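**Student:** Got a structure here, written out as structure tokens. Questions coming.
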Amino acid sequence: MLDLSFVRDNLELVKQKMGERGLPDVLVDFETLDRERRRLLTDVEARKARRNKVSDEIAALKKQKQDASALIAEMKPLREEIEKLDEQAKACDERLREVLRLVPNIPHESVPVGRDSAANQEVRRWGEPRKFEFEPQAHWDLGPALGILNFERATKITGARFAVYSGVGARLERALANFMLDVHTRRHGYTEILPPFIVNSASLFGTGNLPKFEGDLFKLKDTDFYLIPTAEVPVTNLYRDEVLEAENLPVKHCAWTACFRSEAGSYGKDTRGIIRQHQFQKVELVKFALPENSYDELESLTRDAEEILQRLELPYRVVALCTGDMGFSSAKTYDLEVWLPSAREYKEISSCSNFEAFQARRANLRFRRGKAGKTEFLHTLNGSGLAVGRTWVAVIENYQQADGSVIVPTALRPYLDGLEHITQE
């Protein structure tokens, strides 16, 4: 959430930044309420000035032993008017904060300005897409043919946008998650967390998922509990309402979890296969950083996620998202996009974002510089390191062979008992 005083003092700048996000009217209610608040404050100050003047006059009359009853009678309604106006001003402040709960973060100055993904900017590429001597198959054909992926049984069990992995397919999913966790904990210095997969509304508010994006969530009936859309939610809220010491920052956590999303509004997007599912697995990277270091931490977090793709020898590119394509809470985001032969294009496999103090202000995440220092809001960052199911897809498609088998990437073989080829089960 944005700071109320900052928005009030820098309204034109914030309006400009919201316009760059494609939301020119998002602060209309804020402006209306703020004008009403200023009017109330002007009225209350005028009445307080009158009260002070009358009080002085009453004191003067009493000192002179003169009748002050008329002025004393005036004080009661004046006091009531002041109390009423004060209450109305406080209510205005609360309504202003409610409006700000629906206002997205301010894009960092380095973010490209644009309305949609067409304005995103490629930062770098790694690897060359493989040139096949045969027509490559999509994972939704390869997986079932190998007997390692089944959509029909998942539909029978649950419904559309679910999948059943079996045999080597299930083992490959687990191997990928273990491989990612090992790299991030052993090489990159993250502490592994296994959080609850169910969170309360306060946690979702803290990360910016509520109230604006409730339609994207799965809520447990008659409770305040929701299935997590990503490990970002429980891990970011580990320190909600706490004060960390500056000397201990950055704090770096990684977590493997299942993720649950309704995919509201995604009709027609990647409906085949397992690119966009209601349930999927992901390894998440989360950082809590000093404000002055957070953009360096964003670069290193992005590199940490990239190393997974490099070790798997999967071609990818890094894209800086433009103002109109960024997430609600983000100040700056890099997407990692892996090459998928069936689509003949790069597809998102990770988003790495700096939220600055946006989430920290909502979740009351603070730090202190020294024992005597005042508390400040820290900066939060996160990124997928990586989406496991999409990495599964990238491995199956990029390493497929003409006979329908799949070569296991060298980095994964120790996690699969030395298995080198996936063949029909």
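Chains: A, B, ... in order of the structure tokens. Residues: from 1 per chain. Ligands: from 1, in order shown.
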Do you have, as CSV, the list of residues of region 208-256 of chain A lying at most 8 Å from region 283-293 of chain A, each with its nearest atom pair and that distance in Å to one decimal, counting only C-alpha atoms and ordered by chain then number?
**Tutor:**
residue,atom,partner,partner_atom,distance
A:Thr230,CA,A:Glu284,CA,7.7
A:Ala231,CA,A:Glu284,CA,6.0
A:Glu232,CA,A:Glu284,CA,6.6
A:Val235,CA,A:Val286,CA,7.1
A:Thr236,CA,A:Val286,CA,6.9
A:Ala246,CA,A:Leu290,CA,7.1
A:Leu249,CA,A:Ala289,CA,5.5
A:Pro250,CA,A:Ala289,CA,4.5
A:Val251,CA,A:Phe288,CA,5.1
A:Lys252,CA,A:Lys287,CA,4.6
A:His253,CA,A:Val286,CA,5.2
A:Cys254,CA,A:Leu285,CA,4.5
A:Ala255,CA,A:Glu284,CA,5.3
A:Trp256,CA,A:Val283,CA,4.3
**Student:** What are the nearest atom pairs, with distances in Å to one decimal, for all residues of region 293-321 of chain A that come at most 10 Å from region 169-193 of chain A, using only C-alpha atoms, set out by chain and rising residue number as a Markdown table?
**Tutor:**
| residue | atom | partner | partner_atom | distance |
| --- | --- | --- | --- | --- |
| A:Ser300 | CA | A:His188 | CA | 9.3 |
| A:Leu301 | CA | A:His188 | CA | 9.0 |
| A:Arg303 | CA | A:His188 | CA | 9.9 |
| A:Asp304 | CA | A:His188 | CA | 6.8 |
| A:Ala305 | CA | A:His184 | CA | 8.5 |
| A:Glu307 | CA | A:Val183 | CA | 8.6 |
| A:Ile308 | CA | A:Met180 | CA | 6.6 |
| A:Leu309 | CA | A:Met180 | CA | 9.8 |
| A:Arg311 | CA | A:Val183 | CA | 9.7 |
| A:Leu312 | CA | A:Leu176 | CA | 9.7 |
**Student:** Please list as a list in words every residue within 12 Å of Ala119 (chain A), counting only C-alpha atoms and excluding residues in the same chain fewer than 2 positions away.
**Tutor:** Glu20, Arg21, Val111, Pro112, Val113, Gly114, Arg115, Asp116, Ser117, Gln121, Glu122, Val319, Ala320, Leu321, Cys322, Thr323, Gly324, Asp325 and Met326 of chain A
**Student:** For each of A:Ala357, A:Leu298, A:Leu416, A:Val14, take the minimum atom-to-atom distance to Tyr334 (chain A), counting only C-alpha atoms, then give the residue where this is smallest.
**Tutor:** A:Leu298
**Student:** Can you pull out the residues contacting Ser5 (chain A)? Cut-off 12 Å, using only C-alpha atoms, and skip same-chain residues under 3 positions away; I want them as a ChimeraX atom specification.
**Tutor:** /A:1-2,8-11,14,34,93,96-97,100
**Student:** Keeping only C-alpha atoms, take the residues you just selected and write them out as a PDB file, in the first residue's frame.
**Tutor:**
ATOM      1  CA  MET A   1       0.000   0.000   0.000  1.00  0.00           C
ATOM      2  CA  LEU A   2       1.184   3.513  -0.744  1.00  0.00           C
ATOM      3  CA  ARG A   8      -1.426  13.540  -0.498  1.00  0.00           C
ATOM      4  CA  ASP A   9       1.795  15.559  -0.823  1.00  0.00           C
ATOM      5  CA  ASN A  10       2.716  14.231  -4.282  1.00  0.00           C
ATOM      6  CA  LEU A  11      -0.681  13.708  -5.866  1.00  0.00           C
ATOM      7  CA  VAL A  14       1.305   9.621  -8.286  1.00  0.00           C
ATOM      8  CA  ASP A  34      -9.163  14.533   0.097  1.00  0.00           C
ATOM      9  CA  ASP A  93      -8.901   9.512   6.526  1.00  0.00           C
ATOM     10  CA  LEU A  96      -8.804   7.458   1.970  1.00  0.00           C
ATOM     11  CA  ARG A  97      -6.849   4.470   3.289  1.00  0.00           C
ATOM     12  CA  LEU A 100      -5.374   3.311  -1.313  1.00  0.00           C
TER      13      LEU A 100
END
**Student:** Tell me, in Å to one decimal, how far CA of Leu41 (chain A) is from CA of Glu12 (chain A).
**Tutor:**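 Interatomic distance, CA of Leu41 (chain A) to CA of Glu12 (chain A): 21.5 Å.
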**Student:** Could you tell me how far CA of Asp241 (chain A) sits from CA of Asp224 (chain A), in Å to one decimal place?
**Tutor:** 19.1 Å
**Student:** Report the distance between CA of Leu386 (chain A) and CA of Val103 (chain A) in Å, rounded to one decimal place.
**Tutor:**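 Going from CA of Leu386 (chain A) over to CA of Val103 (chain A) covers 28.4 Å.
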**Student:** Which residues are close to region 201-203 of chain A, i.e. within 12 Å by only C-alpha atoms, leaving aside same-chain residues fewer than 2 positions away? Reply as a ChimeraX atom specification.
**Tutor:** /A:196-199,205-211,213-214,217-220,223-241,359-360,362-365
**Student:** Show which residues sit within 12 Å of Ser69 (chain A), as a list of chain:residue names. Count only C-alpha atoms, and ignore same-chain residues fewer than 3 positions away.
**Tutor:**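 Neighbouring residues, sequence-local ones excluded: A:Val54, A:Ser55, A:Glu57, A:Ile58, A:Ala59, A:Leu61, A:Lys62, A:Lys65, A:Gln66, A:Ile72, A:Ala73, A:Glu74, A:Met75, A:Lys76.
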**Student:** Convert the current residue selection to file output with C-alpha atoms, as a compact mmCIF listing (two decimals), in the first residue's frame.
**Tutor:**
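Contents of the output file again.txt:
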# COMPACT_ATOMS: atom_id res chain seq x y z
CA VAL A 54 -14.60 32.79 23.21
CA SER A 55 -12.65 31.07 25.98
CA GLU A 57 -13.42 36.42 26.32
CA ILE A 58 -15.12 34.36 29.04
CA ALA A 59 -11.94 34.46 31.13
CA LEU A 61 -15.36 38.76 31.68
CA LYS A 62 -14.99 36.56 34.74
CA LYS A 65 -16.71 39.93 37.45
CA GLN A 66 -19.07 40.47 34.52
CA ILE A 72 -20.71 30.06 27.97
CA ALA A 73 -23.97 29.00 26.30
CA GLU A 74 -22.29 29.40 22.89
CA MET A 75 -19.47 27.03 23.87
CA LYS A 76 -21.55 23.85 24.14
**Student:** Please identify the strand (DSSP E) residues within region 155-328 of chain A (assignment by DSSP from backbone atoms) and present them as a PyMOL selection string.
**Tutor:** chain A and resi 164-165+191-193+198-200+225-227+243-245+251-260+279-289+316-320
**Student:** Got time to write the residues from that selection, C-alpha atoms, as an mmCIF file, in the first residue's frame?
**Tutor:**
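Once everything was written out, this is out_15.cif:
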data_model
loop_
_atom_site.group_PDB
_atom_site.id
_atom_site.type_symbol
_atom_site.label_atom_id
_atom_site.label_comp_id
_atom_site.auth_asym_id
_atom_site.auth_seq_id
_atom_site.Cartn_x
_atom_site.Cartn_y
_atom_site.Cartn_z
ATOM 1 C CA VAL A 164 -2.013 -36.586 -13.015
ATOM 2 C CA TYR A 165 1.725 -37.326 -13.236
ATOM 3 C CA THR A 191 17.027 -20.825 4.134
ATOM 4 C CA GLU A 192 14.377 -23.379 3.200
ATOM 5 C CA ILE A 193 10.875 -22.925 4.607
ATOM 6 C CA ILE A 198 -3.583 -22.361 3.817
ATOM 7 C CA VAL A 199 -3.466 -18.734 4.968
ATOM 8 C CA ASN A 200 -5.798 -16.181 6.511
ATOM 9 C CA PHE A 225 -8.894 -19.402 5.210
ATOM 10 C CA TYR A 226 -7.711 -19.461 1.601
ATOM 11 C CA LEU A 227 -5.522 -21.873 -0.398
ATOM 12 C CA VAL A 243 10.823 -5.581 13.666
ATOM 13 C CA LEU A 244 14.000 -7.100 12.182
ATOM 14 C CA GLU A 245 17.489 -5.838 12.899
ATOM 15 C CA VAL A 251 16.894 -12.374 5.062
ATOM 16 C CA LYS A 252 16.595 -14.906 2.218
ATOM 17 C CA HIS A 253 14.078 -17.760 2.178
ATOM 18 C CA CYS A 254 13.061 -20.338 -0.409
ATOM 19 C CA ALA A 255 10.037 -22.618 -0.268
ATOM 20 C CA TRP A 256 8.482 -25.420 -2.278
ATOM 21 C CA THR A 257 4.680 -25.476 -2.153
ATOM 22 C CA ALA A 258 1.663 -26.400 -4.146
ATOM 23 C CA CYS A 259 -0.110 -23.302 -5.503
ATOM 24 C CA PHE A 260 -3.822 -22.870 -6.193
ATOM 25 C CA GLN A 279 -2.984 -26.499 -9.024
ATOM 26 C CA PHE A 280 0.752 -26.512 -9.659
ATOM 27 C CA GLN A 281 4.033 -26.689 -7.762
ATOM 28 C CA LYS A 282 6.568 -23.913 -7.465
ATOM 29 C CA VAL A 283 9.826 -23.094 -5.687
ATOM 30 C CA GLU A 284 9.642 -19.498 -4.482
ATOM 31 C CA LEU A 285 12.441 -17.113 -3.506
ATOM 32 C CA VAL A 286 11.653 -14.357 -0.980
ATOM 33 C CA LYS A 287 13.933 -11.617 0.331
ATOM 34 C CA PHE A 288 13.620 -8.997 3.073
ATOM 35 C CA ALA A 289 16.121 -6.221 2.336
ATOM 36 C CA TYR A 316 15.647 -18.466 -22.050
ATOM 37 C CA ARG A 317 15.442 -14.706 -22.099
ATOM 38 C CA VAL A 318 15.024 -12.010 -19.426
ATOM 39 C CA VAL A 319 12.373 -9.350 -20.034
ATOM 40 C CA ALA A 320 11.775 -6.112 -18.105
#
**Student:** Counting only C-alpha atoms, which residue out of A:Glu36, A:Glu313, A:Glu306, A:Glu135 sits closest to Asp335 (chain A)?
**Tutor:**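 For Asp335 (chain A), the nearest of the candidates is A:Glu306.
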**Student:** Calculated over only C-alpha atoms, which of the candidates A:Lys48, A:Lys212, A:Arg161, A:Lys17 has the smallest distance to Arg101 (chain A)?
**Tutor:** A:Lys212
